[in-house]
>>> print(open('model_18.cif').read())   # mmCIF, C-alpha atoms and all ligand atoms
data_protein
#
loop_
_atom_site.label_atom_id
_atom_site.label_comp_id
_atom_site.auth_asym_id
_atom_site.auth_seq_id
_atom_site.Cartn_x
_atom_site.Cartn_y
_atom_site.Cartn_z
CA MET A 1166 -65.71 5.93 25.53
CA ALA A 1167 -68.10 3.16 26.47
CA LYS A 1168 -71.27 3.84 28.42
CA ALA A 1169 -71.67 2.98 32.10
CA VAL A 1170 -74.77 0.83 32.52
CA PRO A 1171 -76.46 -0.13 35.81
CA LYS A 1172 -74.89 -3.06 37.70
CA GLY A 1173 -76.33 -6.33 36.42
CA ASP A 1174 -77.68 -4.81 33.16
CA TYR A 1175 -76.20 -7.42 30.82
CA ASP A 1176 -78.39 -6.30 27.92
CA GLY A 1177 -76.76 -2.89 28.33
CA ILE A 1178 -73.34 -4.57 28.14
CA ARG A 1179 -74.44 -6.47 25.03
CA ALA A 1180 -75.35 -3.13 23.40
CA GLU A 1181 -71.86 -1.80 24.23
CA VAL A 1182 -70.27 -4.93 22.71
CA ARG A 1183 -72.18 -4.30 19.47
CA LYS A 1184 -70.71 -0.79 19.40
CA VAL A 1185 -67.09 -1.91 19.84
CA MET A 1186 -67.56 -4.57 17.16
CA LYS A 1187 -67.50 -1.79 14.56
CA GLN A 1188 -63.79 -1.35 13.82
CA PRO A 1189 -63.47 0.10 10.30
CA ASP A 1190 -59.65 0.02 10.38
CA TYR A 1191 -59.31 -3.53 11.69
CA ASP A 1192 -59.37 -6.72 9.56
CA ASP A 1193 -62.73 -7.00 7.78
CA GLY A 1194 -64.15 -4.00 9.65
CA SER A 1195 -65.29 -6.01 12.64
CA ALA A 1196 -63.90 -7.07 16.00
CA GLY A 1197 -66.54 -9.83 16.07
CA PRO A 1198 -64.39 -12.81 14.97
CA VAL A 1199 -61.51 -12.08 17.34
CA LEU A 1200 -64.01 -11.63 20.20
CA VAL A 1201 -65.37 -15.11 19.47
CA ARG A 1202 -61.83 -16.49 19.47
CA LEU A 1203 -61.11 -14.83 22.82
CA ALA A 1204 -64.17 -16.48 24.42
CA TRP A 1205 -63.08 -19.83 22.98
CA HIS A 1206 -59.42 -19.66 24.01
CA ALA A 1207 -60.34 -18.37 27.48
CA SER A 1208 -62.53 -21.48 27.89
CA GLY A 1209 -60.76 -24.14 25.82
CA THR A 1210 -58.00 -24.87 28.38
CA PHE A 1211 -60.41 -26.83 30.56
CA SER A 1212 -59.67 -30.39 31.69
CA LEU A 1213 -62.51 -32.55 32.92
CA VAL A 1214 -60.07 -34.89 34.68
CA GLU A 1215 -57.89 -32.29 36.41
CA HIS A 1216 -60.80 -29.90 36.85
CA ASN A 1217 -58.78 -26.82 36.00
CA GLY A 1218 -58.55 -24.32 33.15
CA GLY A 1219 -61.66 -22.76 31.59
CA SER A 1220 -63.03 -19.23 31.38
CA ASN A 1221 -63.38 -18.69 35.13
CA GLY A 1222 -60.64 -16.35 36.37
CA ALA A 1223 -59.75 -14.74 33.00
CA GLY A 1224 -56.33 -16.36 33.44
CA LEU A 1225 -55.42 -15.46 29.88
CA ARG A 1226 -54.34 -12.02 31.15
CA HIS A 1227 -51.50 -13.53 33.18
CA GLY A 1228 -48.17 -15.33 32.90
CA LYS A 1229 -47.73 -18.40 30.74
CA GLU A 1230 -51.25 -18.31 29.38
CA ALA A 1231 -50.85 -14.74 28.12
CA ALA A 1232 -47.54 -15.74 26.51
CA ASP A 1233 -48.88 -18.96 24.93
CA PRO A 1234 -48.20 -18.64 21.16
CA ALA A 1235 -51.71 -20.07 20.56
CA ASN A 1236 -53.08 -16.85 22.08
CA ALA A 1237 -51.04 -14.51 19.86
CA GLY A 1238 -53.14 -11.55 18.76
CA LEU A 1239 -55.89 -12.01 21.34
CA TYR A 1240 -54.73 -8.81 23.05
CA HIS A 1241 -56.61 -7.04 20.24
CA ALA A 1242 -59.85 -8.52 21.55
CA ILE A 1243 -58.95 -7.70 25.16
CA GLU A 1244 -58.17 -4.12 24.14
CA PHE A 1245 -61.40 -3.73 22.17
CA LEU A 1246 -63.30 -4.67 25.34
CA MET A 1247 -61.22 -2.62 27.77
CA PRO A 1248 -63.33 0.59 27.52
CA ILE A 1249 -66.46 -1.41 28.40
CA GLN A 1250 -64.71 -2.93 31.43
CA GLN A 1251 -63.37 0.45 32.51
CA ALA A 1252 -66.79 2.12 32.29
CA ASN A 1253 -68.37 -0.87 34.08
CA PRO A 1254 -65.93 -2.16 36.69
CA TRP A 1255 -68.71 -4.28 38.23
CA ILE A 1256 -68.44 -6.85 35.42
CA THR A 1257 -65.55 -9.34 35.60
CA HIS A 1258 -63.25 -9.79 32.60
CA SER A 1259 -64.25 -13.43 32.42
CA ASP A 1260 -67.97 -12.60 32.25
CA LEU A 1261 -67.32 -9.82 29.75
CA TRP A 1262 -65.14 -11.96 27.45
CA THR A 1263 -67.64 -14.81 27.31
CA LEU A 1264 -70.64 -12.48 26.93
CA ALA A 1265 -68.84 -10.56 24.16
CA GLY A 1266 -68.21 -13.82 22.26
CA VAL A 1267 -71.85 -14.82 22.56
CA GLU A 1268 -73.13 -11.38 21.54
CA ALA A 1269 -70.71 -11.21 18.59
CA ILE A 1270 -72.02 -14.57 17.30
CA LYS A 1271 -75.58 -13.26 17.49
CA ALA A 1272 -74.73 -9.87 15.98
CA MET A 1273 -73.05 -11.58 13.01
CA GLY A 1274 -76.23 -13.55 12.28
CA GLY A 1275 -75.60 -16.64 14.40
CA PRO A 1276 -77.71 -18.40 17.01
CA ASP A 1277 -78.53 -17.33 20.56
CA VAL A 1278 -75.99 -19.03 22.80
CA PRO A 1279 -77.07 -19.48 26.43
CA TRP A 1280 -74.97 -17.36 28.79
CA GLN A 1281 -75.01 -16.80 32.54
CA PRO A 1282 -72.89 -14.43 34.66
CA GLY A 1283 -71.00 -15.39 37.81
CA ARG A 1284 -67.35 -15.89 36.76
CA MET A 1285 -64.66 -14.31 38.93
CA ASP A 1286 -61.25 -12.92 37.94
CA TYR A 1287 -57.86 -13.90 39.32
CA SER A 1288 -56.32 -10.83 40.88
CA ASP A 1289 -52.75 -11.42 39.68
CA GLU A 1290 -50.34 -13.96 38.24
CA SER A 1291 -49.67 -15.90 41.46
CA HIS A 1292 -53.41 -16.08 42.20
CA ALA A 1293 -53.95 -17.43 38.67
CA GLU A 1294 -51.17 -20.01 38.99
CA GLU A 1295 -52.33 -21.18 42.39
CA HIS A 1296 -55.81 -21.94 41.03
CA ARG A 1297 -54.96 -22.85 37.51
CA GLY A 1298 -52.31 -25.57 37.77
CA ASN A 1299 -50.26 -26.37 34.67
CA ILE A 1300 -52.51 -25.76 31.70
CA SER A 1301 -49.86 -25.12 29.04
CA ASP A 1302 -50.21 -26.63 25.58
CA ARG A 1303 -53.90 -27.38 25.86
CA LEU A 1304 -55.21 -25.44 22.84
CA PRO A 1305 -55.32 -27.20 19.47
CA ASP A 1306 -52.52 -27.06 16.89
CA GLY A 1307 -53.80 -26.38 13.36
CA ALA A 1308 -50.96 -28.37 11.81
CA LEU A 1309 -52.21 -31.68 13.24
CA GLY A 1310 -55.04 -34.14 12.50
CA ALA A 1311 -58.17 -35.95 13.71
CA SER A 1312 -56.62 -37.78 16.67
CA HIS A 1313 -55.23 -34.48 18.01
CA LEU A 1314 -58.72 -32.94 17.78
CA ARG A 1315 -60.17 -35.88 19.72
CA ASP A 1316 -57.43 -35.55 22.37
CA VAL A 1317 -57.95 -31.82 22.86
CA PHE A 1318 -61.75 -31.76 22.76
CA GLY A 1319 -62.10 -35.10 24.55
CA ARG A 1320 -60.20 -33.53 27.47
CA MET A 1321 -63.06 -31.01 27.70
CA GLY A 1322 -65.70 -33.73 27.40
CA TYR A 1323 -66.80 -33.19 23.78
CA SER A 1324 -68.18 -35.78 21.35
CA ASP A 1325 -67.22 -36.07 17.66
CA LYS A 1326 -70.43 -34.29 16.65
CA GLU A 1327 -69.68 -31.39 19.00
CA ILE A 1328 -66.09 -31.10 17.70
CA VAL A 1329 -67.43 -30.63 14.17
CA ALA A 1330 -70.15 -28.20 15.29
CA LEU A 1331 -67.62 -26.02 17.14
CA SER A 1332 -65.26 -26.07 14.15
CA GLY A 1333 -67.99 -24.29 12.17
CA ALA A 1334 -66.84 -21.08 13.92
CA HIS A 1335 -64.17 -20.94 11.22
CA THR A 1336 -66.83 -19.37 9.03
CA LEU A 1337 -65.71 -16.27 10.97
CA GLY A 1338 -62.52 -14.29 10.74
CA ARG A 1339 -59.16 -15.15 9.33
CA CYS A 1340 -55.66 -16.40 10.01
CA HIS A 1341 -52.91 -13.81 10.39
CA ALA A 1342 -49.36 -14.77 9.34
CA ASP A 1343 -47.92 -12.67 12.19
CA ARG A 1344 -50.07 -14.45 14.80
CA SER A 1345 -50.39 -18.15 13.92
CA GLY A 1346 -48.17 -18.36 10.82
CA PHE A 1347 -51.24 -19.32 8.74
CA ASP A 1348 -52.84 -16.83 6.39
CA GLY A 1349 -56.28 -15.88 5.09
CA PRO A 1350 -60.02 -16.37 5.66
CA TRP A 1351 -62.00 -19.61 5.32
CA VAL A 1352 -64.97 -18.00 3.54
CA VAL A 1353 -65.68 -14.98 1.32
CA ASN A 1354 -67.80 -13.14 3.90
CA PRO A 1355 -66.00 -13.78 7.20
CA THR A 1356 -68.14 -11.50 9.36
CA ARG A 1357 -71.37 -13.41 8.70
CA PHE A 1358 -72.14 -16.47 10.83
CA SER A 1359 -73.49 -19.28 8.65
CA ASN A 1360 -72.80 -22.88 7.57
CA GLN A 1361 -70.68 -21.63 4.67
CA TYR A 1362 -67.50 -23.20 6.13
CA PHE A 1363 -69.05 -26.68 5.88
CA LYS A 1364 -70.34 -26.04 2.37
CA LEU A 1365 -66.94 -24.94 1.10
CA LEU A 1366 -65.03 -27.61 3.02
CA SER A 1367 -67.19 -30.36 1.51
CA THR A 1368 -67.64 -29.09 -2.06
CA ARG A 1369 -64.51 -27.20 -3.15
CA LYS A 1370 -61.20 -28.67 -4.18
CA TRP A 1371 -58.55 -27.81 -1.60
CA VAL A 1372 -54.92 -27.98 -2.66
CA PRO A 1373 -51.73 -27.31 -0.68
CA ARG A 1374 -50.72 -23.67 -0.99
CA LYS A 1375 -47.32 -23.11 -2.55
CA TRP A 1376 -45.63 -20.70 -0.21
CA ASP A 1377 -42.93 -20.38 2.46
CA GLY A 1378 -45.39 -20.72 5.35
CA PRO A 1379 -46.73 -23.82 7.14
CA LEU A 1380 -48.82 -26.37 5.22
CA GLN A 1381 -52.29 -24.99 4.56
CA PHE A 1382 -54.81 -25.61 1.78
CA GLU A 1383 -56.31 -23.16 -0.67
CA ASN A 1384 -59.10 -22.58 -3.12
CA ILE A 1385 -59.56 -19.42 -5.15
CA MET A 1386 -63.17 -18.21 -5.06
CA ALA A 1387 -64.47 -14.94 -6.51
CA GLY A 1388 -60.84 -13.84 -6.86
CA GLU A 1389 -60.20 -14.44 -3.18
CA ARG A 1390 -57.72 -16.93 -1.81
CA LEU A 1391 -59.64 -18.99 0.77
CA MET A 1392 -57.91 -21.36 3.16
CA MET A 1393 -58.26 -24.48 5.27
CA LEU A 1394 -55.95 -25.63 8.05
CA PRO A 1395 -54.78 -29.26 8.21
CA THR A 1396 -57.17 -29.66 11.20
CA ASP A 1397 -60.05 -28.39 9.03
CA MET A 1398 -59.15 -30.90 6.30
CA ALA A 1399 -59.09 -33.66 8.94
CA LEU A 1400 -62.84 -33.17 9.36
CA MET A 1401 -63.33 -34.43 5.79
CA GLU A 1402 -60.73 -37.19 6.07
CA ASP A 1403 -62.17 -38.85 9.17
CA PRO A 1404 -65.38 -40.76 8.31
CA VAL A 1405 -67.26 -39.89 11.52
CA PHE A 1406 -66.35 -36.20 11.39
CA LYS A 1407 -67.19 -36.13 7.68
CA GLU A 1408 -70.73 -37.33 8.28
CA TRP A 1409 -71.35 -34.28 10.49
CA VAL A 1410 -69.66 -31.90 8.04
CA LEU A 1411 -72.08 -33.09 5.34
CA LYS A 1412 -75.08 -32.79 7.67
CA TYR A 1413 -74.19 -29.24 8.68
CA ALA A 1414 -73.47 -28.27 5.05
CA LYS A 1415 -77.05 -29.30 4.19
CA ASP A 1416 -78.87 -28.10 7.26
CA GLN A 1417 -77.97 -24.69 8.68
CA ASN A 1418 -80.67 -24.91 11.38
CA LEU A 1419 -79.17 -28.12 12.71
CA PHE A 1420 -75.71 -26.51 12.73
CA PHE A 1421 -77.01 -23.44 14.59
CA LYS A 1422 -78.73 -25.61 17.20
CA ASP A 1423 -75.73 -27.89 17.79
CA PHE A 1424 -73.28 -25.00 17.73
CA ALA A 1425 -75.30 -23.01 20.29
CA ASN A 1426 -75.36 -26.01 22.65
CA ALA A 1427 -71.66 -26.77 22.24
CA PHE A 1428 -70.54 -23.14 22.59
CA GLY A 1429 -72.85 -22.63 25.57
CA LYS A 1430 -71.20 -25.64 27.21
CA LEU A 1431 -67.71 -24.33 26.33
CA ILE A 1432 -68.11 -21.07 28.20
CA GLU A 1433 -69.47 -22.95 31.25
CA LEU A 1434 -66.51 -25.37 31.51
CA GLY A 1435 -64.99 -25.15 34.98
CA VAL A 1436 -67.35 -22.38 36.05
CA ASP A 1437 -68.09 -23.84 39.44
CA ARG A 1438 -70.58 -21.26 40.63
CA ASP A 1439 -73.38 -23.59 41.63
CA ASP A 1440 -75.29 -26.63 40.51
CA SER A 1441 -75.90 -25.26 37.01
CA GLY A 1442 -72.17 -25.13 36.25
CA PHE A 1443 -69.56 -27.82 36.60
CA ALA A 1444 -71.64 -30.20 38.70
CA HIS A 1445 -74.17 -30.37 35.89
CA LEU A 1446 -71.45 -31.25 33.35
CA VAL A 1447 -70.00 -34.01 35.52
CA ARG A 1448 -73.42 -35.57 35.87
CA GLN A 1449 -73.96 -35.37 32.12
CA ALA A 1450 -70.51 -36.85 31.32
CA ALA A 1451 -71.14 -39.69 33.79
CA LYS A 1452 -74.49 -40.37 32.13
CA GLU A 1453 -72.79 -40.55 28.72
CA GLY A 1454 -70.10 -42.89 30.12
CA LYS A 1455 -67.26 -40.38 29.63
CA PRO A 1456 -64.31 -40.02 32.08
FE1 LIG B 1 -59.95 -21.42 15.45
N1 LIG B 1 -58.21 -20.77 14.63
N2 LIG B 1 -59.14 -23.26 15.72
N3 LIG B 1 -61.63 -22.02 16.40
N4 LIG B 1 -60.69 -19.55 15.28
C1 LIG B 1 -57.95 -19.52 14.16
C2 LIG B 1 -58.83 -18.47 14.08
C3 LIG B 1 -60.12 -18.51 14.59
C4 LIG B 1 -57.89 -23.65 15.34
C5 LIG B 1 -56.88 -22.84 14.83
C6 LIG B 1 -57.06 -21.52 14.49
C7 LIG B 1 -61.87 -23.27 16.90
C8 LIG B 1 -61.08 -24.39 16.70
C9 LIG B 1 -59.81 -24.36 16.17
C10 LIG B 1 -61.94 -19.16 15.67
C11 LIG B 1 -62.84 -19.89 16.44
C12 LIG B 1 -62.65 -21.21 16.79
C13 LIG B 1 -56.59 -19.46 13.72
C14 LIG B 1 -55.90 -18.24 13.15
C15 LIG B 1 -56.04 -20.69 13.91
C16 LIG B 1 -54.62 -21.13 13.58
C17 LIG B 1 -55.36 -17.34 14.26
C18 LIG B 1 -54.71 -16.10 13.72
O1 LIG B 1 -53.73 -16.25 12.96
O2 LIG B 1 -55.18 -14.99 14.03
C19 LIG B 1 -57.75 -25.08 15.55
C20 LIG B 1 -56.51 -25.90 15.25
C21 LIG B 1 -58.92 -25.51 16.05
C22 LIG B 1 -59.23 -26.92 16.36
O3 LIG B 1 -60.35 -27.32 16.48
C23 LIG B 1 -63.07 -23.24 17.67
C24 LIG B 1 -63.65 -24.44 18.44
C25 LIG B 1 -63.56 -21.96 17.61
C26 LIG B 1 -64.79 -21.38 18.25
C27 LIG B 1 -65.85 -22.08 18.53
C28 LIG B 1 -62.20 -17.82 15.17
C29 LIG B 1 -63.49 -17.02 15.32
C30 LIG B 1 -61.05 -17.42 14.49
C31 LIG B 1 -60.83 -16.10 13.74
C32 LIG B 1 -60.10 -15.12 14.62
C33 LIG B 1 -59.80 -13.80 13.96
O4 LIG B 1 -58.99 -13.07 14.55
O5 LIG B 1 -60.32 -13.50 12.90
#
>>> encode(input="model_18.cif", output="structure tokens")
Amino acid sequence: MAKAVPKGDYDGIRAEVRKVMKQPDYDDGSAGPVLVRLAWHASGTFSLVEHNGGSNGAGLRHGKEAADPANAGLYHAIEFLMPIQQANPWITHSDLWTLAGVEAIKAMGGPDVPWQPGRMDYSDESHAEEHRGNISDRLPDGALGASHLRDVFGRMGYSDKEIVALSGAHTLGRCHADRSGFDGPWVVNPTRFSNQYFKLLSTRKWVPRKWDGPLQFENIMAGERLMMLPTDMALMEDPVFKEWVLKYAKDQNLFFKDFANAFGKLIELGVDRDDSGFAHLVRQAAKEGKP
């Protein structure tokens, strides 16, 4: 049972998130990676042009978004957080999901990502659809390449550098054959946030795995079968992406700084609470000459 904390005590909520992260019978003993993925998938549907999608509303609980194959397995994360929400009904799901992602990153040794409350929740499926528009098929497909990454992340307003920084989250967690069809972790210690993903991506030899599943790449390290998705490999194949992979492999501080900025921006996408949310992003995109 999670603890009830006073309304507005987000540090108290963070402490509860740290408690639910300990899951000895789940994956690598931690809910942390799947909590980070929940925050990302809740946010990564945003479109700068259509101004819909994003973490506001916690639409991932409803209808098509809940059934999107890209979100398979995220109910684990939602369930891990449910006791906190039940003990603290004053916090919205959308605030809790994004805060849990940010706290999990920090608890696993990563940077402090800026976070602010103020997201609301859609009350039901029709409420979600009315506000959400058609946001199907917006999350990335691991089987594709560099131009797909630029399409998906460009729609949210991200630069090449930010795409690479965000991809560094694959230092956490693993693929599950029964969720995405892919299988295995990217690094040996997948509950520790670091620049290990970039180091391995740029220095190890990755060969196609011989198996019945979708194309993925492998390298055996310390007796463990590590993996890369085709989209991960695309970061080394594209010359602009590659430059950032090499920089982040060398400089963990730079990676932490760029990741914290990019992830902080991710969880703000479409959160139209006041001038610090969407309006700020539009001004920034206009300044950078983006659509
Ligand atoms: Fe990811 N990711 N991700 N990813 N991801 C998967 C797992 C995690 C892609 C595909 C996959 C980001 C970007 C991409 C995490 C964070 C981020 C899986 C396995 C696939 C497939 C899912 C499964 O089987 O459970 C693709 C394609 C992209 C394109 O860029 C970004 C951005 C982030 C966050 C910043 C995390 C964490 C996981 C591990 C989840 C877990 O359950 O362990």
>>> residues_around(input="model_18.cif", residues="segment 1176-1185 of chain A", least_positions_apart="5", cutoff="10 Å", atoms="all atoms listed in the file", output="number ranges by chain")
A: 1166-1171, 1195-1197, 1200, 1242, 1245-1250, 1253, 1256, 1261-1262, 1264-1269, 1271-1273
>>> residues_around(input="model_18.cif", residues="Ala1311 of chain A", least_positions_apart="5", cutoff="9 Å", atoms="only C-alpha atoms", output="PyMOL selection string")
chain A and resi 1316+1396+1399-1400+1402-1403+1406
>>> write_last_selection(input="model_18.cif", atoms="C-alpha atoms", output="PDB file, in the frame of the given file")
ATOM      1  CA  ASP A1316     -57.430 -35.550  22.370  1.00  0.00           C
ATOM      2  CA  THR A1396     -57.170 -29.660  11.200  1.00  0.00           C
ATOM      3  CA  ALA A1399     -59.090 -33.660   8.940  1.00  0.00           C
ATOM      4  CA  LEU A1400     -62.840 -33.170   9.360  1.00  0.00           C
ATOM      5  CA  GLU A1402     -60.730 -37.190   6.070  1.00  0.00           C
ATOM      6  CA  ASP A1403     -62.170 -38.850   9.170  1.00  0.00           C
ATOM      7  CA  PHE A1406     -66.350 -36.200  11.390  1.00  0.00           C
TER       8      PHE A1406
END
>>> closest_residue(input="model_18.cif", among="A:Arg1344, A:Arg1390, A:His1227, A:Arg1315", to="ligand LIG 1 (chain B)", atoms="only C-alpha atoms and all ligand atoms")
A:Arg1344
>>> atom_distance(input="model_18.cif", atom1="atom O5 of ligand LIG 1 (chain B)", atom2="atom CA of Gly1310 of chain A")
21.3 Å
>>> residues_around(input="model_18.cif", residues="segment 1353-1362 of chain A", least_positions_apart="6", cutoff="10 Å", atoms="all atoms listed in the file", output="VMD selection string")
chain A and resid 1192 to 1198 1269 to 1276 1330 1332 to 1339 1385 to 1391 1393 1397 1410 1413 to 1421
>>> closest_residue(input="model_18.cif", among="A:Gly1378, A:Pro1254, A:Gly1322, A:Pro1395", to="ligand LIG 1 (chain B)", atoms="all atoms listed in the file")
A:Pro1395
>>> residues_around(input="model_18.cif", residues="segment 1278-1285 of chain A", least_positions_apart="6", cutoff="8 Å", atoms="only C-alpha atoms", output="MDAnalysis selection string")
chainID A and resid 1220:1223 1257:1260 1263:1264 1267 1271 1425:1426 1428:1429 1432 1436 1438
>>> atom_distance(input="model_18.cif", atom1="atom C31 of ligand LIG 1 (chain B)", atom2="atom CA of Val1199 of chain A")
5.4 Å
>>> closest_residue(input="model_18.cif", among="A:Asp1348, A:Glu1383, A:Asp1190, A:Asp1302", to="ligand LIG 1 (chain B)", atoms="all atoms listed in the file")
A:Asp1348
>>> closest_residue(input="model_18.cif", among="A:Tyr1175, A:Tyr1287, A:Phe1211, A:Trp1205", to="Gly1224 of chain A", atoms="all atoms listed in the file")
A:Tyr1287
>>> atom_distance(input="model_18.cif", atom1="atom CA of Leu1225 of chain A", atom2="atom CA of Val1352 of chain A")
28.1 Å
>>> closest_residue(input="model_18.cif", among="A:Asp1306, A:Asp1377, A:Glu1408, A:Asp1343", to="Val1329 of chain A", atoms="only C-alpha atoms")
A:Glu1408
>>> closest_residue(input="model_18.cif", among="A:Gly1218, A:Gly1228, A:Pro1234, A:Gly1435", to="ligand LIG 1 (chain B)", atoms="only C-alpha atoms and all ligand atoms")
A:Pro1234
>>> residues_around(input="model_18.cif", residues="segment 1236-1241 of chain A", least_positions_apart="6", cutoff="8 Å", atoms="all atoms listed in the file", output="number ranges by chain")
A: 1199, 1202-1203, 1206, 1230, 1344-1345
>>> decode(input="model_18.cif", residues="segment 1289-1330 of chain A", atoms="C-alpha atoms", output="CSV table (one decimal), in the first residue's frame")
chain,number,residue,atom,x,y,z
A,1289,ASP,CA,-13.1,8.8,-20.5
A,1290,GLU,CA,-12.6,7.5,-24.1
A,1291,SER,CA,-14.9,10.0,-25.8
A,1292,HIS,CA,-13.3,12.9,-23.9
A,1293,ALA,CA,-9.9,11.7,-25.0
A,1294,GLU,CA,-10.9,11.3,-28.6
A,1295,GLU,CA,-12.6,14.7,-28.7
A,1296,HIS,CA,-9.4,16.4,-27.5
A,1297,ARG,CA,-6.8,14.1,-29.0
A,1298,GLY,CA,-7.7,13.9,-32.7
A,1299,ASN,CA,-6.2,11.0,-34.7
A,1300,ILE,CA,-2.8,10.3,-33.2
A,1301,SER,CA,-2.4,6.7,-34.3
A,1302,ASP,CA,0.9,5.4,-35.6
A,1303,ARG,CA,3.0,8.3,-34.2
A,1304,LEU,CA,5.5,6.3,-32.1
A,1305,PRO,CA,8.7,5.1,-33.8
A,1306,ASP,CA,9.1,1.6,-35.4
A,1307,GLY,CA,12.3,-0.1,-34.4
A,1308,ALA,CA,12.5,-1.9,-37.7
A,1309,LEU,CA,13.1,1.3,-39.7
A,1310,GLY,CA,15.9,3.8,-40.3
A,1311,ALA,CA,17.3,7.3,-40.0
A,1312,SER,CA,14.7,9.1,-42.1
A,1313,HIS,CA,11.9,7.5,-40.0
A,1314,LEU,CA,13.5,8.8,-36.9
A,1315,ARG,CA,13.7,12.3,-38.4
A,1316,ASP,CA,10.0,12.1,-39.4
A,1317,VAL,CA,8.8,11.0,-36.0
A,1318,PHE,CA,11.0,13.3,-33.9
A,1319,GLY,CA,10.8,16.2,-36.3
A,1320,ARG,CA,7.0,16.1,-35.8
A,1321,MET,CA,7.7,16.8,-32.2
A,1322,GLY,CA,10.2,19.6,-33.0
A,1323,TYR,CA,13.4,17.8,-32.2
A,1324,SER,CA,16.9,18.3,-33.8
A,1325,ASP,CA,19.3,15.5,-34.9
A,1326,LYS,CA,21.3,16.1,-31.7
A,1327,GLU,CA,18.2,15.7,-29.5
A,1328,ILE,CA,17.2,12.5,-31.3
A,1329,VAL,CA,20.5,11.0,-30.5
A,1330,ALA,CA,20.4,12.2,-26.9
